[in-house]
Structures are given as structure tokens and as C-alpha cells.
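See structure below.
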Amino acid sequence: MKKTLFLAALAIASAPFASAITCNWSNTLGNNDFGAFSNWSPVPATFQGNAFDINLSGANRSAITNTLAPSLALSGRVRLGTQVSRMGELLISGGTNTFGDGIQVGATGTGLFTLTSGYVGFLSNFTTISESSNSVGTLAMSGGAFVGDRVTAATALGASGTIVITGGDVTIFPNDPTPSLSTSGSLRLGSGAAQLHIGGTAQVTAQTLILGPVPGTPMGPGLMTMSNGVLNLTGATLTNMPPIIFCPGRTVDFEGGVWNVDGDVRGDIQQAISAGLLYHSAGNDWIRVTFDTTNTVVKIQQPTALESWRFQYFGTIEDAGDAANAADPENDGIPNLVEFAFALHPLQGNAGQLPNCTVSGGNLTIEFTQPGGVSGVSYGAEFSTNLMNWSAVANSGTGATNVFTVSIESQPRGFLRLLAIEQ
Ligand SMILES: [Ca+2]
Ligand SMILES: [Ca+2]
């Protein structure tokens, strides 16, 4: 916490499904097409733990909706939309659901995998969101926890894969049974129209975020947008391939949130910014890239209000030089942090424009309202009778109103000074 002082003044309901199961479930070890099944909720306990794949591709729409216990525990693979122009849907909104062999969302047709709460774990193999030309796959996550191996979107040219994370936690880790695949543990936006939107928390625990196709294959449009989420890329080491691969033609719209990257990839990030691949609508200079020498973490985040203010007046977001909190480049006696805290101009004289003290009823008081647009700073005050020994004065204001009052009865004189405190 940095302080700057300023001397202010001398003063569901489930449908029956048993008969349908008998009709369609002929081989508990083979692949089964559930056809026109819909709203299979909750999943019957007799299917728990069996080794089978689920292929959902109804004439109109087939769906598994698991909202209640018992949780799913399957060792096969889930394929949503296994036929052209048909749709399969999996909705998880509760329970602890584990799948042994990954999921294909939009295998050939259209797939929608929605997770709103609960846990979903794909313990081996990968998750693909649209994997063939003309297929459409969507992973929509607004809550819960998703744990899996590789996640790829739009792996084929002409595929359309979208990952939308607006809540919950995504963890991607390397548990691929075929470790020769270099993409293990990666989050990849591939050859087709891949989109990744992060507004929640996404954790790529090993290796790589790849914004591009498999090398040597054509690439369709792709976009990653980020707004007030957290993307953690950890597990990569300096001897690995860089944890972020920016491919020309793929852009990242960064409008907030934080990337935490394990490893020094400042060069890669700055190169991507220069190339316009990592972009902020307010200008790329506003993207804040910091490097922690202690744990080799690169952090990309939106500047604070104070940093944006510095950039506006000084062309830098750094607390240094003329832009430093304690600096007073125009010599009006008001340090920059106080200028910011009271919405003053750091390059024009503002003497006399700070809140005034009032004396009333034996009390010395400073009262003011925090200006609009100011955030990340708090206010304090200290009192002295001799300008040498200062004692803190409590803030009795509420909300944006700040009130500092001290009794000066029986005191021949008193001094009250304001503090702006960066948080
Ligand atoms: Ca000043
Ligand atoms: Ca000023």
C-alpha cells in the first residue's frame, strides 16, 4: 500500500423411460444410438459404470439431461450429433459426472454441451468442439467444474466450434493416453471457425494455449475474447514450447480479466501486441503486462483506473518519473496520487482546489465526495497540534462521502492533513 500525504489546511420433473431403455439398449458393451431419446433425466442407475459409448443424434433433438443424483460414471465416450443435420445435447447441472473417454461435441452434426453446475471430468482422451467440416459444436459453461485433457475447437476447416465460459472453473491437464500427441494438455483453437470466450476461470495446467491450426493445415477465422475472467496457463517451463502460440490471423480481444502465465513469455506477448494479435479496443498500450521475478509469472491484465489516468497524462502506466504517485511535475504542491484522488489535472496548477477545512462547534472537519471515475484509492486524514506528531482521524463518512472530524477545543491550533492511499 502506498500513501501520499498532502497538507490540506490549517485546519425437473423426470419422464418415465424404462421401456425405452429396454427397446434401445441391446448391448451394454457396444455403441448405442439412442435415437429419439429426449430428456433422459435422471440417467438410470443401471447404466452407471458400464463401458459404453453414448451416441446422441435424434431426428430432431436428443438430449441427456442430468440434473440430479445419481451422478454419471461412464467409461465410454459421449458423441453429440453423430449424424449430419442432427443434434445431440448433454446438459449437466448437478452431480459428479465422470467419463472415461472424452466427448465429441458436434462430431458430424450439431452438438451442444451445457454445464451449469456440478462436476464433469473427462479422465482420459480429449474434448473436441466441432471436429469435422460443417459440424457445429458448442461448449457453454456458466458454472460448475470441468476437468479434462486436451480441448480443441473447430479442428477441421469449415468446422464451427465455440467455447463460452461465463462461470465456473475449467481445468485442462495432460492425461492423454497417447502422450506422443504434442497437443496434450492444450487448449487449441484449430483450423475452422473457432471461438473462445472467457468470462469465468479457465486453467490450462500443462503445456499450451494454441491460437491456431495444426501446422501445415489451412486456417479459418478464429477469435478469442476475454472479459473479466481469469485464464491461468501453468505447467509450461522455459524449456518447453512457449505456453502461448499466437498465429497470424487469430486475434485476441482483451477487454478485461487476467492472464497468469507460468514462464517468461513477455517477448511473445509483446510481439503479439505489436503484430495486432493481442488487442484491446482502447489501444494496445493499455494492456498491462507485468512480470514477477519471484515465481516467473507473466500477468496480462487491464490497467487500473489510476494506471489509465497515468497513461492519459504521461503516456505510461508505470508509477515512475513524472507519472509517479509522489511526483509533482507542475509544482502546484499536490502530488500525482492526490491529483488523481480528487480528479485534478497533474500538469496544470490546482492550488486551492482541494477540499477545505471548516471549523464549527469546536470541531475541525474536512468533508468531500469521491469524484466519479476515481477508483482504487481510499482516503485518510491525520491530526496534529505541532506539525510533528500526527495521529490518525477516523473516516465517519459512508459510501463515496468522506468525513474527517476532530475536536480542537482547548487547542490553540490544529492541523489536519489528507492522505490518498493506493489500494
Ligand atoms: Ca501536482
Ligand atoms: Ca495539478
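We name chains A, B, ... following the order of the C-alpha cells; residues begin at 1 in each chain, and ligands are numbered from 1 as shown.
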
Please identify every polymer residue within 9 Å of ligand 1, using only C-alpha atoms and all ligand atoms, and present the set as a count of residues only. 22

Any idea what's packed within 12 Å of A:Ala272, counting only C-alpha atoms, ignoring anything in its chain fewer than 2 positions away? Could you give it as a ChimeraX atom specification? /A:211,244-253,265-270,274-280,284,287

Could you dump the residues just selected with C-alpha atoms as a compact mmCIF listing (two decimals), in the first residue's frame?
# COMPACT_ATOMS: atom_id res chain seq x y z
CA LEU A 211 -4.47 -19.98 -31.13
CA ILE A 244 1.05 -19.30 -25.78
CA ILE A 245 1.31 -19.60 -29.51
CA PHE A 246 -0.12 -16.70 -31.42
CA CYS A 247 -0.79 -17.48 -35.05
CA PRO A 248 -1.22 -14.67 -37.55
CA GLY A 249 -4.85 -14.26 -38.45
CA ARG A 250 -6.02 -15.19 -34.99
CA THR A 251 -6.71 -12.33 -32.68
CA VAL A 252 -7.37 -11.98 -29.00
CA ASP A 253 -9.74 -9.25 -27.92
CA VAL A 265 6.69 -15.03 -22.27
CA ARG A 266 6.91 -11.26 -22.22
CA GLY A 267 8.65 -11.33 -25.57
CA ASP A 268 5.91 -13.44 -27.14
CA ILE A 269 3.19 -11.27 -25.69
CA GLN A 270 4.77 -8.01 -26.71
CA SER A 274 2.93 -5.30 -31.85
CA ALA A 275 1.51 -7.56 -34.53
CA GLY A 276 -2.03 -6.69 -33.52
CA LEU A 277 -2.82 -10.23 -32.47
CA LEU A 278 -3.50 -9.28 -28.90
CA TYR A 279 -5.77 -6.33 -28.96
CA HIS A 280 -7.61 -4.00 -26.65
CA ASN A 284 -2.84 -1.84 -27.01
CA ILE A 287 -2.78 -3.74 -21.86

Compile the contact shell of A:Val105 as a PyMOL selection string: residues with an atom at most 6 Å away, counting only C-alpha atoms, same-chain residues fewer than 2 positions apart removed. chain A and resi 80+107+111+129-130+137

Mind writing the picked residues with N, CA and C atoms as a CSV table (one decimal), in the first residue's frame?
chain,number,residue,atom,x,y,z
A,80,LEU,N,-22.0,-36.2,-29.4
A,80,LEU,CA,-23.2,-35.4,-29.6
A,80,LEU,C,-23.3,-35.0,-31.0
A,107,ALA,N,-19.9,-34.0,-33.4
A,107,ALA,CA,-19.0,-35.0,-34.1
A,107,ALA,C,-19.1,-34.9,-35.6
A,111,GLY,N,-23.7,-30.4,-32.0
A,111,GLY,CA,-23.6,-30.8,-30.6
A,111,GLY,C,-23.7,-29.6,-29.6
A,129,ILE,N,-14.7,-29.8,-29.8
A,129,ILE,CA,-15.9,-29.0,-30.0
A,129,ILE,C,-15.9,-28.7,-31.5
A,130,SER,N,-16.7,-29.5,-32.2
A,130,SER,CA,-16.8,-29.5,-33.7
A,130,SER,C,-15.5,-30.0,-34.3
A,137,GLY,N,-20.3,-27.3,-33.0
A,137,GLY,CA,-20.2,-27.7,-31.7
A,137,GLY,C,-20.1,-26.5,-30.7

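Of the listed residues (A:Gln353, A:Asn389, A:Gln195, A:Thr316), A:Gln353 comes nearest to ligand 2; the distances count only C-alpha atoms and all ligand atoms.
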
What's the separation between atom CA of A:Gln370 and atom CA of A:Phe342, in Å to one decimal place? 6.9 Å

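For the pair atom CA of A:Gly352 and atom CA of A:Phe368, the separation is 14.2 Å.
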
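When atom CA of A:Ser391 is paired with atom CA of A:Ala341, their separation reads 21.5 Å.
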
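Minimum distance to ligand 2 across A:Ile366, A:Leu354, A:Ile300, A:Ala394 (counting only C-alpha atoms and all ligand atoms) occurs at A:Leu354.
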
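Among the candidate residues A:Ala400, A:Val170, A:Val298, A:Ala343, the one lying nearest to ligand 2 is A:Ala343, with distances computed using only C-alpha atoms and all ligand atoms.
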
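Each of A:Phe340, A:Gly158, A:Arg77, A:Gln271 was checked against ligand 2 using only C-alpha atoms and all ligand atoms; the smallest atom-to-atom distance is that of A:Phe340.
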
Stretch 271-370 of chain A: residues DSSP assigns to strand (DSSP E or B), reported as a PyMOL selection string: chain A and resi 278-279+288-292+297-301+357-360+363-369

Spatial neighbours of A:Val230, 12 Å, only C-alpha atoms, chain gap at least 2 places, as a PyMOL selection string: chain A and resi 165-171+197-204+225-228+232-233+254-261+299-302

Can those selected residues be exported to a file as an mmCIF file, in the first residue's frame so that it contains N, CA and C atoms?
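Saved as again23.cif:
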data_model
loop_
_atom_site.group_PDB
_atom_site.id
_atom_site.type_symbol
_atom_site.label_atom_id
_atom_site.label_comp_id
_atom_site.auth_asym_id
_atom_site.auth_seq_id
_atom_site.Cartn_x
_atom_site.Cartn_y
_atom_site.Cartn_z
ATOM 1 N N ILE A 165 -17.231 -19.638 -21.782
ATOM 2 C CA ILE A 165 -17.090 -19.844 -20.345
ATOM 3 C C ILE A 165 -17.487 -18.552 -19.653
ATOM 4 N N THR A 166 -18.637 -18.570 -19.041
ATOM 5 C CA THR A 166 -19.083 -17.365 -18.342
ATOM 6 C C THR A 166 -19.061 -17.547 -16.833
ATOM 7 N N GLY A 167 -18.775 -18.763 -16.405
ATOM 8 C CA GLY A 167 -18.700 -19.003 -14.973
ATOM 9 C C GLY A 167 -18.137 -20.385 -14.731
ATOM 10 N N GLY A 168 -17.849 -20.696 -13.490
ATOM 11 C CA GLY A 168 -17.297 -21.991 -13.152
ATOM 12 C C GLY A 168 -15.803 -22.054 -13.401
ATOM 13 N N ASP A 169 -15.277 -23.246 -13.320
ATOM 14 C CA ASP A 169 -13.840 -23.446 -13.465
ATOM 15 C C ASP A 169 -13.556 -24.524 -14.501
ATOM 16 N N VAL A 170 -12.668 -24.239 -15.389
ATOM 17 C CA VAL A 170 -12.203 -25.205 -16.377
ATOM 18 C C VAL A 170 -10.756 -25.550 -16.071
ATOM 19 N N THR A 171 -10.483 -26.820 -15.976
ATOM 20 C CA THR A 171 -9.106 -27.246 -15.782
ATOM 21 C C THR A 171 -8.737 -28.224 -16.885
ATOM 22 N N HIS A 197 -14.509 -17.784 -25.616
ATOM 23 C CA HIS A 197 -14.879 -16.606 -24.835
ATOM 24 C C HIS A 197 -14.692 -16.957 -23.367
ATOM 25 N N ILE A 198 -13.928 -16.202 -22.702
ATOM 26 C CA ILE A 198 -13.686 -16.487 -21.293
ATOM 27 C C ILE A 198 -14.190 -15.325 -20.449
ATOM 28 N N GLY A 199 -15.141 -15.635 -19.618
ATOM 29 C CA GLY A 199 -15.589 -14.667 -18.623
ATOM 30 C C GLY A 199 -15.556 -15.292 -17.251
ATOM 31 N N GLY A 200 -15.172 -16.563 -17.205
ATOM 32 C CA GLY A 200 -15.064 -17.274 -15.940
ATOM 33 C C GLY A 200 -13.607 -17.579 -15.657
ATOM 34 N N THR A 201 -13.362 -18.774 -15.179
ATOM 35 C CA THR A 201 -11.988 -19.146 -14.873
ATOM 36 C C THR A 201 -11.581 -20.352 -15.706
ATOM 37 N N ALA A 202 -10.515 -20.237 -16.406
ATOM 38 C CA ALA A 202 -10.005 -21.340 -17.206
ATOM 39 C C ALA A 202 -8.570 -21.614 -16.805
ATOM 40 N N GLN A 203 -8.292 -22.848 -16.530
ATOM 41 C CA GLN A 203 -6.971 -23.234 -16.049
ATOM 42 C C GLN A 203 -6.398 -24.251 -17.010
ATOM 43 N N VAL A 204 -5.368 -23.885 -17.712
ATOM 44 C CA VAL A 204 -4.654 -24.841 -18.558
ATOM 45 C C VAL A 204 -3.398 -25.215 -17.804
ATOM 46 N N THR A 225 -11.969 -14.019 -27.126
ATOM 47 C CA THR A 225 -12.313 -12.797 -26.417
ATOM 48 C C THR A 225 -12.244 -13.064 -24.928
ATOM 49 N N MET A 226 -11.906 -12.061 -24.220
ATOM 50 C CA MET A 226 -11.765 -12.218 -22.788
ATOM 51 C C MET A 226 -12.332 -10.999 -22.101
ATOM 52 N N SER A 227 -13.220 -11.214 -21.153
ATOM 53 C CA SER A 227 -13.825 -10.106 -20.435
ATOM 54 C C SER A 227 -14.000 -10.495 -18.980
ATOM 55 N N ASN A 228 -13.173 -9.936 -18.164
ATOM 56 C CA ASN A 228 -13.304 -10.102 -16.716
ATOM 57 C C ASN A 228 -13.243 -11.549 -16.253
ATOM 58 N N ASN A 232 -5.503 -19.025 -16.480
ATOM 59 C CA ASN A 232 -4.231 -19.421 -15.889
ATOM 60 C C ASN A 232 -3.547 -20.424 -16.805
ATOM 61 N N LEU A 233 -2.371 -20.106 -17.225
ATOM 62 C CA LEU A 233 -1.578 -21.027 -18.036
ATOM 63 C C LEU A 233 -0.367 -21.416 -17.214
ATOM 64 N N PHE A 254 -8.943 -8.464 -25.855
ATOM 65 C CA PHE A 254 -8.775 -8.495 -24.407
ATOM 66 C C PHE A 254 -9.439 -7.270 -23.812
ATOM 67 N N GLU A 255 -10.561 -7.473 -23.163
ATOM 68 C CA GLU A 255 -11.305 -6.338 -22.603
ATOM 69 C C GLU A 255 -11.400 -6.438 -21.088
ATOM 70 N N GLY A 256 -10.513 -7.178 -20.509
ATOM 71 C CA GLY A 256 -10.545 -7.271 -19.060
ATOM 72 C C GLY A 256 -10.113 -8.642 -18.615
ATOM 73 N N GLY A 257 -10.031 -8.818 -17.334
ATOM 74 C CA GLY A 257 -9.613 -10.090 -16.811
ATOM 75 C C GLY A 257 -8.102 -10.171 -16.652
ATOM 76 N N VAL A 258 -7.655 -11.340 -16.346
ATOM 77 C CA VAL A 258 -6.239 -11.534 -16.052
ATOM 78 C C VAL A 258 -5.759 -12.829 -16.706
ATOM 79 N N TRP A 259 -4.633 -12.764 -17.343
ATOM 80 C CA TRP A 259 -3.918 -13.980 -17.746
ATOM 81 C C TRP A 259 -2.751 -14.141 -16.805
ATOM 82 N N ASN A 260 -2.655 -15.263 -16.211
ATOM 83 C CA ASN A 260 -1.465 -15.587 -15.451
ATOM 84 C C ASN A 260 -0.726 -16.673 -16.213
ATOM 85 N N VAL A 261 0.482 -16.373 -16.606
ATOM 86 C CA VAL A 261 1.250 -17.322 -17.422
ATOM 87 C C VAL A 261 2.502 -17.720 -16.674
ATOM 88 N N LYS A 299 1.822 -11.633 -16.111
ATOM 89 C CA LYS A 299 0.410 -11.317 -15.921
ATOM 90 C C LYS A 299 -0.003 -10.281 -16.949
ATOM 91 N N ILE A 300 -1.080 -10.572 -17.626
ATOM 92 C CA ILE A 300 -1.640 -9.618 -18.572
ATOM 93 C C ILE A 300 -2.980 -9.188 -18.007
ATOM 94 N N GLN A 301 -3.165 -7.926 -17.840
ATOM 95 C CA GLN A 301 -4.444 -7.502 -17.302
ATOM 96 C C GLN A 301 -4.761 -6.086 -17.735
ATOM 97 N N GLN A 302 -5.985 -5.736 -17.514
ATOM 98 C CA GLN A 302 -6.433 -4.395 -17.835
ATOM 99 C C GLN A 302 -5.873 -3.442 -16.783
#

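Around A:Asp319, within 12 Å and counting only C-alpha atoms, the residues found are Lys2, Thr304, Leu306, Glu307, Ser308, Trp309, Arg310, Phe311, Phe314, Gly315, Thr316, Asp322, Ala323, Ala324, Asn325, Ala326, Ala327, Asn336, Leu337 and Glu422 of chain A, once anything fewer than 3 positions away on its own chain is removed.
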
Residues from the last selection, C-alpha atoms, saved as a tab-separated table (two decimals), in the first residue's frame:
chain	number	residue	atom	x	y	z
A	2	LYS	CA	1.40	3.36	-0.97
A	304	THR	CA	-6.41	0.10	-13.07
A	306	LEU	CA	-5.00	5.05	-11.79
A	307	GLU	CA	-2.84	3.44	-14.46
A	308	SER	CA	-5.21	4.55	-17.20
A	309	TRP	CA	-5.10	8.07	-15.73
A	310	ARG	CA	-1.30	7.99	-15.84
A	311	PHE	CA	-1.42	6.86	-19.44
A	314	PHE	CA	2.00	10.82	-19.11
A	315	GLY	CA	1.86	8.12	-21.79
A	316	THR	CA	2.83	5.41	-19.33
A	322	ASP	CA	6.81	12.35	-13.74
A	323	ALA	CA	3.98	9.81	-13.52
A	324	ALA	CA	4.98	8.60	-10.05
A	325	ASN	CA	2.47	8.85	-7.25
A	326	ALA	CA	4.68	11.20	-5.26
A	327	ALA	CA	5.78	13.34	-8.23
A	336	ASN	CA	0.02	12.99	-8.51
A	337	LEU	CA	-1.83	10.44	-6.41
A	422	GLU	CA	-3.48	3.49	-3.37
